[in-house]
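S.K.: Contents of my_file_22.txt (compact mmCIF, C-alpha atoms) are below:
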# COMPACT_ATOMS: atom_id res chain seq x y z
CA MET P 103 -3.21 4.79 -14.50
CA ALA P 104 -3.48 3.58 -18.04
CA ALA P 105 -4.33 0.21 -19.61
CA LEU P 106 -0.74 -1.01 -19.64
CA LEU P 107 -0.51 -0.30 -15.90
CA THR P 108 -4.01 -1.30 -14.90
CA GLY P 109 -2.94 -4.86 -14.23
CA GLY P 110 -1.11 -3.85 -11.09
CA CYS P 111 -2.27 -0.38 -10.26
CA LEU P 112 -6.03 -0.14 -10.35
CA LEU P 113 -6.27 0.61 -6.64
CA GLY P 114 -3.64 3.32 -7.02
CA PRO P 115 -3.07 5.42 -8.99
CA CYS P 116 -0.07 3.06 -8.93
CA LEU P 117 1.08 4.46 -5.62
CA PRO P 118 0.60 3.80 -1.92
CA ALA P 119 -2.31 5.55 -0.27
CA LEU P 120 -0.15 8.65 0.39
CA ALA P 121 -1.99 11.64 1.73
CA ARG P 122 -5.21 10.68 -0.02
CA ALA P 123 -6.02 8.37 2.88
CA GLN P 124 -5.61 11.24 5.33
CA GLN P 125 -8.19 13.58 3.89
CA SER P 126 -11.91 13.71 4.64
CA ARG P 127 -13.31 13.85 1.11
CA PRO P 128 -14.52 10.30 0.34
CA PHE P 129 -14.96 10.64 -3.45
CA SER P 130 -12.40 11.34 -6.16
CA ILE P 131 -12.31 11.56 -9.94
CA ASN P 132 -9.10 11.19 -11.95
CA VAL P 133 -8.26 11.87 -15.60
CA GLU P 134 -4.75 10.89 -16.75
CA PRO P 135 -3.89 10.88 -20.50
CA SER P 136 -1.13 8.33 -21.17
CA TYR P 137 1.08 6.96 -23.94
CA PHE P 138 3.01 3.69 -24.29
CA GLY P 139 5.17 2.59 -27.20
CA GLY P 140 7.50 -0.24 -28.19
CA THR P 141 7.75 -3.37 -30.29
CA PHE P 142 6.34 -5.68 -27.57
CA ALA P 143 8.46 -8.54 -28.97
CA THR P 144 7.00 -8.08 -32.47
CA ALA P 145 8.58 -6.92 -35.72
CA HIS P 146 7.02 -3.45 -35.66
CA THR P 147 6.20 -0.59 -33.30
CA ILE P 148 2.93 -0.62 -31.36
CA ARG P 149 1.58 2.64 -29.93
CA VAL P 150 -1.09 2.88 -27.25
CA TYR P 151 -2.80 6.17 -26.34
CA GLU P 152 -5.31 6.22 -23.51
CA LEU P 153 -7.65 8.64 -21.79
CA PRO P 154 -8.82 6.87 -18.60
CA LEU P 155 -11.53 8.18 -16.30
CA SER P 156 -11.29 6.77 -12.76
CA LEU P 157 -13.88 7.12 -10.00
CA GLU P 158 -13.11 6.17 -6.40
CA TYR P 159 -14.87 5.99 -3.07
CA HIS P 160 -12.67 5.78 0.01
CA ARG P 161 -14.05 5.78 3.53
CA ALA P 162 -12.37 4.38 6.65
CA ARG P 163 -11.04 0.94 5.66
CA LEU P 164 -13.02 0.45 2.45
CA ARG P 165 -11.94 1.52 -1.02
CA LEU P 166 -14.00 1.09 -4.21
CA ARG P 167 -12.73 2.05 -7.66
CA LEU P 168 -14.05 2.08 -11.23
CA GLU P 169 -11.84 2.78 -14.27
CA ILE P 170 -13.28 3.54 -17.71
CA PRO P 171 -10.67 4.00 -20.46
CA TYR P 172 -10.90 5.31 -24.01
CA ILE P 173 -8.10 3.86 -26.15
CA ALA P 174 -6.37 4.51 -29.47
CA LEU P 175 -4.11 1.69 -30.65
CA GLN P 176 -1.73 1.50 -33.61
CA GLY P 177 -0.12 -1.86 -34.32
CA ALA P 178 -0.97 -5.52 -34.79
CA GLY P 179 -1.31 -6.31 -31.10
CA LEU P 180 -4.23 -6.80 -28.74
CA LEU P 181 -4.62 -5.25 -25.28
CA ASN P 182 -5.39 -7.44 -22.31
CA GLY P 183 -5.42 -6.28 -18.69
CA GLY P 184 -2.08 -4.49 -18.56
CA SER P 185 -0.31 -6.37 -21.36
CA VAL P 186 -0.09 -6.45 -25.14
CA ILE P 187 -0.91 -9.86 -26.61
CA GLN P 188 0.91 -10.80 -29.82
CA THR P 189 -1.43 -11.31 -32.76
CA SER P 190 -1.24 -11.28 -36.54
CA GLY P 191 -2.72 -8.49 -38.61
CA HIS P 192 -1.89 -5.11 -40.09
CA PRO P 193 -0.66 -2.19 -37.95
CA VAL P 194 -3.70 0.03 -38.45
CA TRP P 195 -5.27 2.62 -36.16
CA ARG P 196 -8.12 1.46 -33.92
CA THR P 197 -10.03 3.48 -31.34
CA GLY P 198 -12.83 2.83 -28.89
CA LEU P 199 -13.88 2.05 -25.35
CA GLY P 200 -11.45 -0.15 -23.44
CA ASP P 201 -12.24 -2.75 -20.79
CA ILE P 202 -13.83 -1.37 -17.64
CA TRP P 203 -12.20 -2.42 -14.36
CA ALA P 204 -14.05 -2.54 -11.04
CA ALA P 205 -12.17 -3.11 -7.80
CA ALA P 206 -12.68 -3.26 -4.05
CA SER P 207 -10.23 -3.46 -1.17
CA TYR P 208 -10.54 -3.47 2.62
CA ARG P 209 -7.79 -2.71 5.14
CA VAL P 210 -7.82 -5.52 7.70
CA LEU P 211 -4.67 -4.47 9.60
CA ASP P 212 -3.07 -1.08 10.29
CA THR P 213 0.64 -0.39 10.04
CA SER P 214 2.60 -0.32 13.30
CA GLY P 215 6.39 -0.14 13.47
CA LEU P 216 7.79 -2.70 11.06
CA ARG P 217 4.39 -4.32 10.59
CA PRO P 218 2.69 -3.27 7.34
CA SER P 219 -0.94 -2.45 6.83
CA ILE P 220 -2.66 -5.27 4.96
CA ARG P 221 -5.35 -4.56 2.40
CA PRO P 222 -6.80 -7.56 0.50
CA TYR P 223 -8.36 -6.70 -2.84
CA VAL P 224 -10.36 -8.14 -5.69
CA LYS P 225 -10.81 -6.64 -9.13
CA ILE P 226 -12.88 -7.65 -12.14
CA LYS P 227 -12.41 -6.79 -15.78
CA VAL P 228 -15.71 -6.14 -17.55
CA PRO P 229 -15.08 -7.00 -21.23
CA THR P 230 -16.44 -3.83 -22.81
CA ALA P 231 -13.55 -3.47 -25.30
CA SER P 232 -13.90 -4.73 -28.87
CA ARG P 233 -11.87 -7.85 -29.65
CA SER P 234 -12.31 -7.30 -33.39
CA ASN P 235 -10.56 -3.94 -32.98
CA GLY P 236 -7.82 -5.41 -30.79
CA LEU P 237 -8.81 -3.35 -27.74
CA GLY P 238 -9.58 -6.37 -25.54
CA THR P 239 -10.02 -10.13 -25.46
CA GLY P 240 -13.81 -10.10 -25.17
CA GLN P 241 -13.59 -12.17 -21.98
CA PRO P 242 -13.70 -11.18 -18.27
CA ASP P 243 -10.67 -11.48 -15.97
CA VAL P 244 -10.58 -11.70 -12.18
CA GLU P 245 -7.66 -10.90 -9.90
CA PHE P 246 -7.32 -11.15 -6.13
CA GLY P 247 -4.43 -10.51 -3.77
CA SER P 248 -3.27 -8.04 -1.14
CA HIS P 249 -1.54 -4.70 -0.75
CA PHE P 250 1.10 -4.15 1.96
CA GLU P 251 2.06 -0.64 3.04
CA TRP P 252 4.55 0.70 5.59
CA ASN P 253 4.93 4.21 7.02
CA ILE P 254 8.39 5.25 8.20
CA SER P 255 8.25 8.56 10.09
CA GLY P 256 5.54 9.83 7.76
CA ARG P 257 8.12 10.48 5.02
CA LEU P 258 9.09 7.12 3.54
CA LEU P 259 6.25 4.86 2.44
CA PRO P 260 7.38 1.42 1.20
CA TYR P 261 4.75 -0.55 -0.67
CA ALA P 262 4.20 -4.04 -2.12
CA ARG P 263 1.38 -5.97 -3.77
CA ALA P 264 1.02 -9.62 -4.71
CA GLY P 265 -1.87 -11.03 -6.72
CA TYR P 266 -3.13 -13.87 -8.86
CA ARG P 267 -5.01 -13.18 -12.10
CA MET P 268 -7.40 -15.65 -13.69
CA ALA P 269 -7.69 -14.92 -17.40
CA GLY P 270 -10.85 -15.45 -19.42
CA ARG P 271 -10.32 -18.20 -21.98
CA ALA P 272 -10.39 -16.27 -25.24
CA ARG P 273 -10.28 -18.54 -28.29
CA GLY P 274 -6.99 -18.57 -30.20
CA LEU P 275 -5.01 -16.34 -27.79
CA LYS P 276 -3.36 -18.98 -25.52
CA LEU P 277 -3.95 -16.92 -22.39
CA GLN P 278 -3.05 -18.31 -18.98
CA ASN P 279 -3.45 -17.47 -15.32
CA THR P 280 -0.50 -15.59 -13.88
CA LEU P 281 1.00 -14.13 -10.73
CA THR P 282 1.31 -10.34 -10.54
CA PHE P 283 3.61 -8.33 -8.30
CA GLU P 284 4.75 -4.80 -7.61
CA ALA P 285 7.04 -3.18 -5.04
CA GLY P 286 8.42 0.28 -4.44
CA ALA P 287 8.39 3.29 -2.14
CA SER P 288 7.26 6.90 -1.99
CA LEU P 289 9.29 9.67 -0.39
CA ALA P 290 7.74 12.89 0.87
CA VAL P 291 9.35 16.00 -0.64
CA PRO P 292 8.77 19.73 -0.01
CA TYR P 293 5.60 21.51 -1.04
CA HIS P 294 3.22 18.60 -0.35
CA GLY P 295 4.74 16.27 -2.90
CA TYR P 296 5.80 12.63 -3.19
CA VAL P 297 8.41 11.00 -5.42
CA THR P 298 7.78 7.32 -6.13
CA ALA P 299 9.85 4.50 -7.65
CA LEU P 300 8.03 1.26 -8.45
CA PHE P 301 8.72 -2.12 -10.05
CA LEU P 302 5.71 -3.75 -11.76
CA ASP P 303 5.48 -7.37 -12.93
CA ASN P 304 2.30 -8.50 -14.72
CA GLY P 305 3.66 -12.02 -15.17
CA THR P 306 3.42 -13.95 -18.45
CA PRO P 307 -0.22 -13.79 -19.54
CA GLN P 308 0.29 -15.55 -22.88
CA ARG P 309 1.78 -19.03 -23.26
CA GLY P 310 5.01 -18.93 -25.26
CA ALA P 311 5.57 -15.19 -24.63
CA GLY P 312 7.91 -13.54 -22.16
CA PRO P 313 7.15 -11.67 -18.91
CA PHE P 314 5.73 -8.15 -18.77
CA GLU P 315 7.86 -6.01 -16.40
CA GLN P 316 8.30 -2.24 -16.00
CA LEU P 317 10.01 0.37 -13.84
CA ILE P 318 7.89 3.41 -12.98
CA ALA P 319 8.95 6.82 -11.66
CA ALA P 320 6.21 9.21 -10.54
CA TYR P 321 5.76 12.60 -8.94
CA THR P 322 2.56 13.52 -7.12
CA VAL P 323 1.85 16.95 -5.62
CA ARG P 324 -1.13 18.38 -3.76
CA LEU P 325 -2.13 21.63 -5.43
CA SER P 326 -4.97 22.27 -2.99
CA PRO P 327 -6.88 20.29 -0.34
CA ALA P 328 -9.11 18.97 -3.13
CA LEU P 329 -6.76 18.73 -6.13
CA ASP P 330 -3.70 16.55 -6.82
CA PHE P 331 -1.42 16.45 -9.87
CA GLN P 332 0.57 13.40 -10.93
CA THR P 333 3.03 12.69 -13.72
CA TYR P 334 4.96 9.50 -14.41
CA LEU P 335 7.43 7.78 -16.73
CA THR P 336 7.79 4.05 -17.36
CA ARG P 337 10.59 1.96 -18.81
CA GLY P 338 10.10 -1.61 -19.96
CA LEU P 339 12.52 -4.26 -18.71
CA THR P 340 11.61 -7.11 -21.07
CA PRO P 341 10.96 -7.41 -24.84
CA ASN P 342 7.22 -7.91 -24.19
CA SER P 343 6.97 -4.65 -22.22
CA PRO P 344 6.59 -1.13 -23.61
CA LYS P 345 9.93 0.47 -24.33
CA PHE P 346 8.69 3.78 -22.95
CA GLY P 347 5.54 5.22 -21.41
CA ALA P 348 4.41 8.51 -19.92
CA GLY P 349 1.33 10.14 -18.49
CA MET P 350 0.05 13.04 -16.44
CA GLY P 351 -3.28 13.99 -14.95
CA PHE P 352 -5.33 15.44 -12.13
CA THR P 353 -7.34 13.99 -9.26
CA GLU P 354 -10.24 16.01 -7.82
CA LYS P 355 -11.51 15.02 -4.37
CA PHE P 356 -14.96 15.90 -3.07
Take the structure in the file and give it back as structure tokens.
M.R.:
Amino acid sequence: MAALLTGGCLLGPCLPALARAQQSRPFSINVEPSYFGGTFATAHTIRVYELPLSLEYHRARLRLRLEIPYIALQGAGLLNGGSVIQTSGHPVWRTGLGDIWAAASYRVLDTSGLRPSIRPYVKIKVPTASRSNGLGTGQPDVEFGSHFEWNISGRLLPYARAGYRMAGRARGLKLQNTLTFEAGASLAVPYHGYVTALFLDNGTPQRGAGPFEQLIAAYTVRLSPALDFQTYLTRGLTPNSPKFGAGMGFTEKF
């Protein structure tokens, strides 16, 4: 998903493995245009438009993912790993390459009954976004943690993730390390689809600011053995979160 969801959902797209883990095509490419808007605890509206390109390799227990976003930002904020950092400045338009995220996870335990599958992960932010344009901090971040997934009769798929993010020390931004968390479930619906509800908490990445929390509702459907479609809506739960967000896109498997 997009920059304001990347903090918790890079090994997604912001969903449990769903049927993607059950198919034989190990590579996938995803394009998902997205929009997020709100005041983010500032005195004016900030708008974020993103066109992310995601590449993934998934074979057996290993999953590798690379996300490359192009961003347009209006407002006097600064993007950082799934959050908007409050800064001074004029609310002008800025566009450019965002931060690239690389991630790896490995399933060490399979689900059985009430026992979840356990998939530790690590992800690294490569600081390719311009700090002068407010598209990134100019510093790398590292996050590690684990995904937990259950499978109830093949129809209900509860999901949770807990992580710890170490923020690069960007001068003047008062960034801090933070815990991240998400939890939700997907329900299988007719015609090869899934409906998902998810709570996402990116913690408090900036000292003196509030937490960054969202609710996400998504619908994913398999259009063919090689093509999935997903659309989602988000609603911020705190002043520092986007008031509203939306996106839709396609995933091609090969």
S.K.: What separation in Å, quoted to one decimal, exists between atom CA of Glu158 of chain P and atom CA of Leu281 of chain P?
M.R.: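 These atoms are spaced 25.1 Å apart.
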S.K.: I'd like the contact shell of segment 298-305 of chain P - 6 Å cut-off, only C-alpha atoms, skipping same-chain residues fewer than 3 positions apart - returned as a PyMOL selection string.
M.R.: chain P and resi 280-288+313-320
S.K.: Give me a file of those residues, with C-alpha atoms, as a PDB file, in the coordinates of the input.
M.R.:
ATOM      1  CA  THR P 280      -0.500 -15.590 -13.880  1.00  0.00           C
ATOM      2  CA  LEU P 281       1.000 -14.130 -10.730  1.00  0.00           C
ATOM      3  CA  THR P 282       1.310 -10.340 -10.540  1.00  0.00           C
ATOM      4  CA  PHE P 283       3.610  -8.330  -8.300  1.00  0.00           C
ATOM      5  CA  GLU P 284       4.750  -4.800  -7.610  1.00  0.00           C
ATOM      6  CA  ALA P 285       7.040  -3.180  -5.040  1.00  0.00           C
ATOM      7  CA  GLY P 286       8.420   0.280  -4.440  1.00  0.00           C
ATOM      8  CA  ALA P 287       8.390   3.290  -2.140  1.00  0.00           C
ATOM      9  CA  SER P 288       7.260   6.900  -1.990  1.00  0.00           C
ATOM     10  CA  PRO P 313       7.150 -11.670 -18.910  1.00  0.00           C
ATOM     11  CA  PHE P 314       5.730  -8.150 -18.770  1.00  0.00           C
ATOM     12  CA  GLU P 315       7.860  -6.010 -16.400  1.00  0.00           C
ATOM     13  CA  GLN P 316       8.300  -2.240 -16.000  1.00  0.00           C
ATOM     14  CA  LEU P 317      10.010   0.370 -13.840  1.00  0.00           C
ATOM     15  CA  ILE P 318       7.890   3.410 -12.980  1.00  0.00           C
ATOM     16  CA  ALA P 319       8.950   6.820 -11.660  1.00  0.00           C
ATOM     17  CA  ALA P 320       6.210   9.210 -10.540  1.00  0.00           C
TER      18      ALA P 320
END
S.K.: Work out how far apart atom CA of Met350 of chain P and atom CA of Phe331 of chain P are and give it in Å to one decimal.
M.R.: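 Atom-to-atom, atom CA of Met350 of chain P and atom CA of Phe331 of chain P are spaced 7.5 Å apart.
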S.K.: Could you tell me how far atom CA of Phe246 of chain P lies from atom CA of Val224 of chain P, in Å and to one decimal?
M.R.: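 Those two atoms sit 4.3 Å apart.
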S.K.: Between P:Thr306, P:Asn279, P:Ser248, P:Thr322, which is the closest to Val210 of chain P once you count all atoms listed in the file?
M.R.: P:Ser248
S.K.: If we count all atoms listed in the file and set the cut-off at 9 Å, which residues sit around segment 135-143 of chain P, ignoring sequence neighbours fewer than 5 positions away in its own chain? Please answer as number ranges by chain.
M.R.: P: 103-106, 148-154, 177, 179, 186-188, 311-312, 336, 338, 340-351
S.K.: Please determine, counting all atoms listed in the file, which residue among P:Ser185, P:Ser156, P:Gln176, P:Asn132 has the shortest atom-to-atom distance to Gly238 of chain P.
M.R.: P:Ser185
S.K.: Closest to Asn235 of chain P among P:Gly270, P:Pro128, P:Gly198, P:Pro292, using only C-alpha atoms?
M.R.: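 Closest to Asn235 of chain P, using only C-alpha atoms: P:Gly198.
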S.K.: Please write as an mmCIF file with C-alpha atoms, in the frame of the given file the list of polymer residues whose atoms come within 9 Å of (-12.4, 4.0, -1.3), counting only C-alpha atoms and keeping to the coordinates of the file.
M.R.:
data_model
loop_
_atom_site.group_PDB
_atom_site.id
_atom_site.type_symbol
_atom_site.label_atom_id
_atom_site.label_comp_id
_atom_site.auth_asym_id
_atom_site.auth_seq_id
_atom_site.Cartn_x
_atom_site.Cartn_y
_atom_site.Cartn_z
ATOM 1 C CA LEU P 113 -6.270 0.610 -6.640
ATOM 2 C CA ALA P 123 -6.020 8.370 2.880
ATOM 3 C CA PRO P 128 -14.520 10.300 0.340
ATOM 4 C CA PHE P 129 -14.960 10.640 -3.450
ATOM 5 C CA SER P 130 -12.400 11.340 -6.160
ATOM 6 C CA GLU P 158 -13.110 6.170 -6.400
ATOM 7 C CA TYR P 159 -14.870 5.990 -3.070
ATOM 8 C CA HIS P 160 -12.670 5.780 0.010
ATOM 9 C CA ARG P 161 -14.050 5.780 3.530
ATOM 10 C CA ALA P 162 -12.370 4.380 6.650
ATOM 11 C CA ARG P 163 -11.040 0.940 5.660
ATOM 12 C CA LEU P 164 -13.020 0.450 2.450
ATOM 13 C CA ARG P 165 -11.940 1.520 -1.020
ATOM 14 C CA LEU P 166 -14.000 1.090 -4.210
ATOM 15 C CA ARG P 167 -12.730 2.050 -7.660
ATOM 16 C CA ALA P 206 -12.680 -3.260 -4.050
ATOM 17 C CA SER P 207 -10.230 -3.460 -1.170
ATOM 18 C CA TYR P 208 -10.540 -3.470 2.620
#
S.K.: Using all atoms listed in the file, which of the listed residues (P:Ser234, P:Gln308, P:Thr353, P:Thr144) sits closest to Lys276 of chain P?
M.R.: P:Gln308
S.K.: Of the candidates P:Lys355, P:Arg233, P:Arg267, P:Arg127, which shows the shortest atom-to-atom distance to Arg196 of chain P, using all atoms listed in the file?
M.R.: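 Among P:Lys355, P:Arg233, P:Arg267, P:Arg127, it is P:Arg233 that comes nearest to Arg196 of chain P.
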S.K.: Nearest residue to Ala290 of chain P out of P:Ala178, P:Val323, P:Val133, P:Leu155, using all atoms listed in the file?
M.R.: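 Comparing P:Ala178, P:Val323, P:Val133, P:Leu155 against Ala290 of chain P, the winner is P:Val323.
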S.K.: As a PDB file, in the frame of the given file, could you write out segment 320-355 of chain P once it has been completed with N, CA and C atoms?
M.R.:
ATOM      1  N   ALA P 320       7.372   8.315 -10.581  1.00  0.00           N
ATOM      2  CA  ALA P 320       6.210   9.210 -10.540  1.00  0.00           C
ATOM      3  C   ALA P 320       6.436  10.353  -9.565  1.00  0.00           C
ATOM      4  N   TYR P 321       5.763  11.447  -9.844  1.00  0.00           N
ATOM      5  CA  TYR P 321       5.760  12.600  -8.940  1.00  0.00           C
ATOM      6  C   TYR P 321       4.324  13.025  -8.730  1.00  0.00           C
ATOM      7  N   THR P 322       3.919  13.121  -7.478  1.00  0.00           N
ATOM      8  CA  THR P 322       2.560  13.520  -7.120  1.00  0.00           C
ATOM      9  C   THR P 322       2.645  14.728  -6.200  1.00  0.00           C
ATOM     10  N   VAL P 323       1.835  15.752  -6.452  1.00  0.00           N
ATOM     11  CA  VAL P 323       1.850  16.950  -5.620  1.00  0.00           C
ATOM     12  C   VAL P 323       0.418  17.389  -5.347  1.00  0.00           C
ATOM     13  N   ARG P 324       0.184  17.847  -4.129  1.00  0.00           N
ATOM     14  CA  ARG P 324      -1.130  18.380  -3.760  1.00  0.00           C
ATOM     15  C   ARG P 324      -1.173  19.859  -4.083  1.00  0.00           C
ATOM     16  N   LEU P 325      -2.008  20.234  -5.038  1.00  0.00           N
ATOM     17  CA  LEU P 325      -2.130  21.630  -5.430  1.00  0.00           C
ATOM     18  C   LEU P 325      -3.069  22.397  -4.512  1.00  0.00           C
ATOM     19  N   SER P 326      -4.030  21.688  -3.942  1.00  0.00           N
ATOM     20  CA  SER P 326      -4.970  22.270  -2.990  1.00  0.00           C
ATOM     21  C   SER P 326      -5.535  21.118  -2.172  1.00  0.00           C
ATOM     22  N   PRO P 327      -6.293  21.400  -1.106  1.00  0.00           N
ATOM     23  CA  PRO P 327      -6.880  20.290  -0.340  1.00  0.00           C
ATOM     24  C   PRO P 327      -7.737  19.347  -1.175  1.00  0.00           C
ATOM     25  N   ALA P 328      -8.216  19.800  -2.324  1.00  0.00           N
ATOM     26  CA  ALA P 328      -9.110  18.970  -3.130  1.00  0.00           C
ATOM     27  C   ALA P 328      -8.504  18.534  -4.461  1.00  0.00           C
ATOM     28  N   LEU P 329      -7.289  18.984  -4.798  1.00  0.00           N
ATOM     29  CA  LEU P 329      -6.760  18.730  -6.130  1.00  0.00           C
ATOM     30  C   LEU P 329      -5.311  18.247  -6.068  1.00  0.00           C
ATOM     31  N   ASP P 330      -5.043  17.104  -6.698  1.00  0.00           N
ATOM     32  CA  ASP P 330      -3.700  16.550  -6.820  1.00  0.00           C
ATOM     33  C   ASP P 330      -3.301  16.501  -8.293  1.00  0.00           C
ATOM     34  N   PHE P 331      -1.984  16.620  -8.528  1.00  0.00           N
ATOM     35  CA  PHE P 331      -1.420  16.450  -9.870  1.00  0.00           C
ATOM     36  C   PHE P 331      -0.394  15.337  -9.831  1.00  0.00           C
ATOM     37  N   GLN P 332      -0.400  14.476 -10.858  1.00  0.00           N
ATOM     38  CA  GLN P 332       0.570  13.400 -10.930  1.00  0.00           C
ATOM     39  C   GLN P 332       1.114  13.278 -12.348  1.00  0.00           C
ATOM     40  N   THR P 333       2.416  13.003 -12.442  1.00  0.00           N
ATOM     41  CA  THR P 333       3.030  12.690 -13.720  1.00  0.00           C
ATOM     42  C   THR P 333       3.960  11.501 -13.519  1.00  0.00           C
ATOM     43  N   TYR P 334       4.131  10.682 -14.558  1.00  0.00           N
ATOM     44  CA  TYR P 334       4.960   9.500 -14.410  1.00  0.00           C
ATOM     45  C   TYR P 334       5.623   9.125 -15.726  1.00  0.00           C
ATOM     46  N   LEU P 335       6.725   8.368 -15.612  1.00  0.00           N
ATOM     47  CA  LEU P 335       7.430   7.780 -16.730  1.00  0.00           C
ATOM     48  C   LEU P 335       7.603   6.297 -16.464  1.00  0.00           C
ATOM     49  N   THR P 336       7.564   5.483 -17.512  1.00  0.00           N
ATOM     50  CA  THR P 336       7.790   4.050 -17.360  1.00  0.00           C
ATOM     51  C   THR P 336       8.865   3.602 -18.351  1.00  0.00           C
ATOM     52  N   ARG P 337       9.572   2.555 -17.957  1.00  0.00           N
ATOM     53  CA  ARG P 337      10.590   1.960 -18.810  1.00  0.00           C
ATOM     54  C   ARG P 337      10.434   0.449 -18.758  1.00  0.00           C
ATOM     55  N   GLY P 338      10.244  -0.177 -19.914  1.00  0.00           N
ATOM     56  CA  GLY P 338      10.100  -1.610 -19.960  1.00  0.00           C
ATOM     57  C   GLY P 338      11.409  -2.329 -19.715  1.00  0.00           C
ATOM     58  N   LEU P 339      11.338  -3.481 -19.046  1.00  0.00           N
ATOM     59  CA  LEU P 339      12.520  -4.260 -18.710  1.00  0.00           C
ATOM     60  C   LEU P 339      12.646  -5.537 -19.531  1.00  0.00           C
ATOM     61  N   THR P 340      11.613  -5.875 -20.282  1.00  0.00           N
ATOM     62  CA  THR P 340      11.610  -7.110 -21.070  1.00  0.00           C
ATOM     63  C   THR P 340      11.126  -6.798 -22.486  1.00  0.00           C
ATOM     64  N   PRO P 341      11.412  -7.666 -23.465  1.00  0.00           N
ATOM     65  CA  PRO P 341      10.960  -7.410 -24.840  1.00  0.00           C
ATOM     66  C   PRO P 341       9.444  -7.294 -24.972  1.00  0.00           C
ATOM     67  N   ASN P 342       8.678  -7.950 -24.107  1.00  0.00           N
ATOM     68  CA  ASN P 342       7.220  -7.910 -24.190  1.00  0.00           C
ATOM     69  C   ASN P 342       6.621  -6.654 -23.561  1.00  0.00           C
ATOM     70  N   SER P 343       7.440  -5.855 -22.891  1.00  0.00           N
ATOM     71  CA  SER P 343       6.970  -4.650 -22.220  1.00  0.00           C
ATOM     72  C   SER P 343       7.094  -3.441 -23.131  1.00  0.00           C
ATOM     73  N   PRO P 344       6.384  -2.345 -22.818  1.00  0.00           N
ATOM     74  CA  PRO P 344       6.590  -1.130 -23.610  1.00  0.00           C
ATOM     75  C   PRO P 344       8.001  -0.604 -23.397  1.00  0.00           C
ATOM     76  N   LYS P 345       8.601  -0.114 -24.465  1.00  0.00           N
ATOM     77  CA  LYS P 345       9.930   0.470 -24.330  1.00  0.00           C
ATOM     78  C   LYS P 345       9.888   1.728 -23.487  1.00  0.00           C
ATOM     79  N   PHE P 346       8.815   2.491 -23.644  1.00  0.00           N
ATOM     80  CA  PHE P 346       8.690   3.780 -22.950  1.00  0.00           C
ATOM     81  C   PHE P 346       7.211   4.085 -22.748  1.00  0.00           C
ATOM     82  N   GLY P 347       6.900   4.761 -21.666  1.00  0.00           N
ATOM     83  CA  GLY P 347       5.540   5.220 -21.410  1.00  0.00           C
ATOM     84  C   GLY P 347       5.564   6.484 -20.576  1.00  0.00           C
ATOM     85  N   ALA P 348       4.506   7.267 -20.677  1.00  0.00           N
ATOM     86  CA  ALA P 348       4.410   8.510 -19.920  1.00  0.00           C
ATOM     87  C   ALA P 348       2.955   8.901 -19.764  1.00  0.00           C
ATOM     88  N   GLY P 349       2.677   9.646 -18.712  1.00  0.00           N
ATOM     89  CA  GLY P 349       1.330  10.140 -18.490  1.00  0.00           C
ATOM     90  C   GLY P 349       1.312  11.250 -17.470  1.00  0.00           C
ATOM     91  N   MET P 350       0.241  12.001 -17.461  1.00  0.00           N
ATOM     92  CA  MET P 350       0.050  13.040 -16.440  1.00  0.00           C
ATOM     93  C   MET P 350      -1.443  13.304 -16.319  1.00  0.00           C
ATOM     94  N   GLY P 351      -1.857  13.750 -15.127  1.00  0.00           N
ATOM     95  CA  GLY P 351      -3.280  13.990 -14.950  1.00  0.00           C
ATOM     96  C   GLY P 351      -3.581  14.606 -13.591  1.00  0.00           C
ATOM     97  N   PHE P 352      -4.866  14.791 -13.340  1.00  0.00           N
ATOM     98  CA  PHE P 352      -5.330  15.440 -12.130  1.00  0.00           C
ATOM     99  C   PHE P 352      -6.351  14.560 -11.416  1.00  0.00           C
ATOM    100  N   THR P 353      -6.354  14.661 -10.091  1.00  0.00           N
ATOM    101  CA  THR P 353      -7.340  13.990  -9.260  1.00  0.00           C
ATOM    102  C   THR P 353      -8.068  15.039  -8.428  1.00  0.00           C
ATOM    103  N   GLU P 354      -9.386  15.096  -8.596  1.00  0.00           N
ATOM    104  CA  GLU P 354     -10.240  16.010  -7.820  1.00  0.00           C
ATOM    105  C   GLU P 354     -10.959  15.234  -6.757  1.00  0.00           C
ATOM    106  N   LYS P 355     -10.858  15.680  -5.497  1.00  0.00           N
ATOM    107  CA  LYS P 355     -11.510  15.020  -4.370  1.00  0.00           C
ATOM    108  C   LYS P 355     -12.704  15.846  -3.893  1.00  0.00           C
TER     109      LYS P 355
END
